[in-house]
file protein28.cif (mmCIF, C-alpha atoms)
data_work
loop_
_atom_site.label_atom_id
_atom_site.label_comp_id
_atom_site.auth_asym_id
_atom_site.auth_seq_id
_atom_site.Cartn_x
_atom_site.Cartn_y
_atom_site.Cartn_z
CA MET I 1 29.52 -36.92 20.75
CA PHE I 2 26.94 -38.90 22.75
CA GLN I 3 27.19 -42.59 23.23
CA PHE I 4 23.51 -43.49 23.35
CA LEU I 5 23.92 -46.90 21.81
CA SER I 6 26.77 -47.99 24.04
CA GLY I 7 25.22 -46.91 27.34
CA THR I 8 24.25 -43.85 29.30
CA PRO I 9 25.88 -40.55 28.43
CA ASP I 10 28.55 -39.15 30.71
CA VAL I 11 27.53 -36.12 32.80
CA ASN I 12 30.81 -34.35 32.04
CA GLU I 13 30.28 -34.90 28.32
CA LEU I 14 26.76 -33.49 28.61
CA GLN I 15 28.05 -30.48 30.52
CA GLU I 16 30.74 -29.84 27.89
CA THR I 17 28.18 -30.13 25.10
CA LEU I 18 25.84 -27.80 26.98
CA ALA I 19 28.62 -25.25 27.44
CA ALA I 20 29.53 -25.47 23.75
CA ARG I 21 25.88 -24.96 22.78
CA ASP I 22 25.62 -21.98 25.12
CA VAL I 23 28.63 -20.39 23.44
CA GLU I 24 27.12 -21.08 20.01
CA ILE I 25 23.78 -19.55 21.05
CA SER I 26 25.55 -16.51 22.44
CA ASP I 27 27.49 -16.09 19.19
CA LEU I 28 24.29 -16.36 17.14
CA GLN I 29 22.55 -13.82 19.37
CA ASP I 30 25.48 -11.42 18.92
CA GLN I 31 25.29 -11.88 15.15
CA VAL I 32 21.54 -11.18 15.09
CA LYS I 33 22.05 -8.09 17.26
CA ALA I 34 24.82 -6.80 14.97
CA LEU I 35 22.68 -7.37 11.89
CA LEU I 36 19.76 -5.55 13.49
CA GLU I 37 21.94 -2.59 14.36
CA ALA I 38 23.44 -2.48 10.86
CA ASP I 39 19.99 -2.65 9.25
CA GLN I 40 18.74 0.13 11.48
CA ARG I 41 21.76 2.34 10.66
CA ASP I 42 21.33 1.72 6.95
CA PHE I 43 17.62 2.48 7.10
CA LEU I 44 18.17 5.70 9.04
CA ASN I 45 20.95 6.81 6.70
CA ASP I 46 18.84 6.11 3.61
CA ASN I 47 15.82 7.89 5.02
CA SER I 48 17.73 10.91 6.33
CA ASP I 49 19.22 11.46 2.86
CA GLN I 50 15.79 11.17 1.26
CA LEU I 51 14.20 13.47 3.84
CA ALA I 52 16.89 16.11 3.27
CA SER I 53 16.33 15.83 -0.47
CA ILE I 54 12.56 16.25 -0.05
CA ILE I 55 12.97 19.29 2.19
CA LYS I 56 15.41 20.87 -0.25
CA SER I 57 13.02 20.26 -3.16
CA LYS I 58 10.11 21.67 -1.17
CA ASN I 59 12.05 24.84 -0.33
CA GLU I 60 13.05 25.31 -3.96
CA VAL I 61 9.43 24.96 -5.08
CA ILE I 62 8.25 27.47 -2.48
CA GLN I 63 10.89 29.99 -3.55
CA SER I 64 10.01 29.47 -7.21
CA LEU I 65 6.30 29.98 -6.53
CA GLN I 66 6.99 33.14 -4.54
CA VAL I 67 9.04 34.59 -7.41
CA GLN I 68 6.36 33.70 -9.95
CA LEU I 69 3.57 35.19 -7.86
CA GLN I 70 5.47 38.46 -7.64
CA VAL I 71 5.31 38.91 -11.44
CA PRO I 72 2.49 41.38 -12.19
CA GLY I 73 -0.51 40.24 -14.20
CA LYS I 74 -1.99 36.90 -15.08
CA GLU I 75 1.24 35.48 -16.53
CA GLY I 76 2.87 35.14 -13.10
CA LEU I 77 -0.23 33.46 -11.73
CA ALA I 78 -0.33 31.02 -14.67
CA GLN I 79 3.33 30.11 -14.11
CA ALA I 80 2.69 29.62 -10.40
CA ILE I 81 -0.28 27.34 -11.12
CA ASP I 82 1.78 25.33 -13.61
CA SER I 83 4.62 25.00 -11.11
CA ALA I 84 2.18 23.95 -8.41
CA ALA I 85 0.78 21.22 -10.67
CA THR I 86 4.31 19.99 -11.36
CA SER I 87 5.11 20.06 -7.66
CA ASN I 88 1.95 18.09 -6.93
CA ALA I 89 3.02 15.40 -9.41
CA GLU I 90 6.45 15.26 -7.75
CA LEU I 91 4.78 14.99 -4.35
CA HIS I 92 2.77 11.97 -5.53
CA ARG I 93 5.92 10.36 -6.93
CA LEU I 94 7.75 10.86 -3.64
CA ARG I 95 4.81 9.49 -1.67
CA ASP I 96 4.90 6.36 -3.83
CA ILE I 97 8.60 5.99 -3.07
CA VAL I 98 7.95 6.38 0.66
CA ALA I 99 5.14 3.81 0.51
CA ASP I 100 7.45 1.38 -1.30
CA LEU I 101 10.17 1.88 1.32
CA GLU I 102 7.68 1.39 4.15
CA THR I 103 6.47 -1.83 2.53
CA ARG I 104 10.05 -3.08 2.21
CA LEU I 105 10.76 -2.17 5.81
CA LYS I 106 7.67 -4.02 7.03
CA GLY I 107 8.75 -7.06 5.01
CA GLN I 108 12.22 -6.97 6.52
CA ASP I 109 10.74 -6.52 9.98
CA LEU I 110 8.47 -9.52 9.46
CA GLU I 111 11.39 -11.59 8.19
CA LEU I 112 13.46 -10.59 11.22
CA ARG I 113 10.65 -11.57 13.60
CA GLN I 114 10.35 -14.95 11.90
CA VAL I 115 14.09 -15.55 12.28
CA GLN I 116 13.91 -14.55 15.94
CA ASP I 117 10.92 -16.83 16.50
CA GLN I 118 12.74 -19.73 14.84
CA ARG I 119 15.79 -19.06 17.02
CA ASP I 120 13.61 -19.00 20.15
CA VAL I 121 11.94 -22.30 19.19
CA ALA I 122 15.33 -23.88 18.50
CA GLN I 123 16.68 -22.68 21.85
CA ALA I 124 13.65 -24.01 23.69
CA ALA I 125 13.91 -27.38 21.93
CA GLN I 126 17.61 -27.57 22.68
CA PHE I 127 17.02 -26.70 26.32
CA THR I 128 14.31 -29.35 26.60
CA LEU I 129 16.54 -31.96 24.97
CA GLN I 130 19.40 -31.13 27.31
CA GLN I 131 17.10 -31.36 30.31
CA GLN I 132 15.86 -34.75 29.13
CA GLN I 133 19.40 -35.98 28.55
CA LEU I 134 20.52 -34.84 31.99
CA ALA I 135 17.45 -36.36 33.63
CA ALA I 136 18.10 -39.69 31.87
CA CYS I 137 21.69 -39.81 33.07
CA PRO I 138 22.01 -41.54 36.45
CA SER I 139 24.76 -39.91 38.42
CA SER I 140 26.21 -39.89 41.85
CA GLN I 141 27.49 -36.36 41.23
CA PRO I 142 25.59 -33.34 42.50
CA SER I 143 22.73 -32.35 40.24
CA LEU I 144 23.41 -29.84 37.50
CA VAL I 145 21.19 -26.77 37.42
CA VAL I 146 20.65 -25.44 33.91
CA ALA I 147 19.08 -22.04 33.45
CA ALA I 148 16.51 -21.54 30.72
CA PRO I 149 17.69 -19.39 27.80
CA GLU I 150 16.97 -15.70 28.26
CA ALA I 151 14.31 -14.06 26.16
CA PRO I 152 15.69 -11.38 23.84
#
call {"tool": "encode", "arguments": {"input": "protein28.cif", "output": "C-alpha cells"}}
result
Amino acid sequence: MFQFLSGTPDVNELQETLAARDVEISDLQDQVKALLEADQRDFLNDNSDQLASIIKSKNEVIQSLQVQLQVPGKEGLAQAIDSAATSNAELHRLRDIVADLETRLKGQDLELRQVQDQRDVAQAAQFTLQQQQLAACPSSQPSLVVAAPEAP
C-alpha cells in the first residue's frame, strides 16, 4: 500500500487510497443508516401491536364492568369490584412490560450512539492521518484539497 520504508509515498497512491477510504466510509454510513431505519420500523411495529392489544383489552374490561354494574343488587357491584381489581393487576403487568421495553430501547439507543461516536472518532483519525501523509509528501503537482468528513 504505502512505501514508507522505501521513500516518500506517491501522491497518486495517496489519492487512490483516500478515494477507497471515502467509498468504504460511505458504505459504512449507508449500513448504519439502514440498520437504524430497520430498528425503528421493528420498534414501531412491535409497539403498535402492543398498543392495539392494550386498547382492545381496555375496551373489553370497560364493557364487562358496564354489564356487571347493570345487574341489580350488591352482586353486580361485587363482580364489578372484582373485575376492576383484576384489571388493575393486568394494568400493572402491562406497565412493567412497557418499562422493560423502554429500558431495552434506551440501551439500544445508547449502544447506537457509542457506535456512531466510535465511527466519528475513526473518521477524524483517518482524516488527520491522510492530511499528515499528504503534507509529508513533497510534490510538484497542484495541492490536493481534502474535505473533512461530514457530520451525520
call {"tool": "atom_distance", "arguments": {"input": "protein28.cif", "atom1": "CA of Phe127 in chain I", "atom2": "CA of Leu28 in chain I"}}
result
15.6 Å
call {"tool": "atom_distance", "arguments": {"input": "protein28.cif", "atom1": "CA of Asp100 in chain I", "atom2": "CA of Asn47 in chain I"}}
result
12.3 Å
call {"tool": "closest_residue", "arguments": {"input": "protein28.cif", "among": "I:Gln79, I:Gln29, I:Gln116, I:Ser87", "to": "Asn59 in chain I", "atoms": "only C-alpha atoms"}}
result
I:Ser87
call {"tool": "atom_distance", "arguments": {"input": "protein28.cif", "atom1": "CA of Gln130 in chain I", "atom2": "CA of Thr17 in chain I"}}
result
9.1 Å
call {"tool": "closest_residue", "arguments": {"input": "protein28.cif", "among": "I:Ile25, I:Leu18, I:Leu36, I:Leu134", "to": "Gln108 in chain I", "atoms": "all atoms listed in the file"}}
result
I:Leu36
call {"tool": "axis_aligned_box", "arguments": {"input": "protein28.cif", "around": "range 80-97 of chain I", "padding_each_side": "5 Å", "output": "AutoDock Vina command-line options"}}
result
--center_x 4.2 --center_y 17.8 --center_z -7.6 --size_x 18.9 --size_y 33.6 --size_z 21.9
call {"tool": "residues_around", "arguments": {"input": "protein28.cif", "residues": "Val32 in chain I", "least_positions_apart": "5", "cutoff": "10 Å", "atoms": "only C-alpha atoms", "output": "compact mmCIF listing (two decimals) with C-alpha atoms, in the coordinates of the input"}}
result
# COMPACT_ATOMS: atom_id res chain seq x y z
CA SER I 26 25.55 -16.51 22.44
CA ASP I 27 27.49 -16.09 19.19
CA GLU I 37 21.94 -2.59 14.36
CA ALA I 38 23.44 -2.48 10.86
CA LEU I 112 13.46 -10.59 11.22
CA VAL I 115 14.09 -15.55 12.28
CA GLN I 116 13.91 -14.55 15.94
CA ARG I 119 15.79 -19.06 17.02
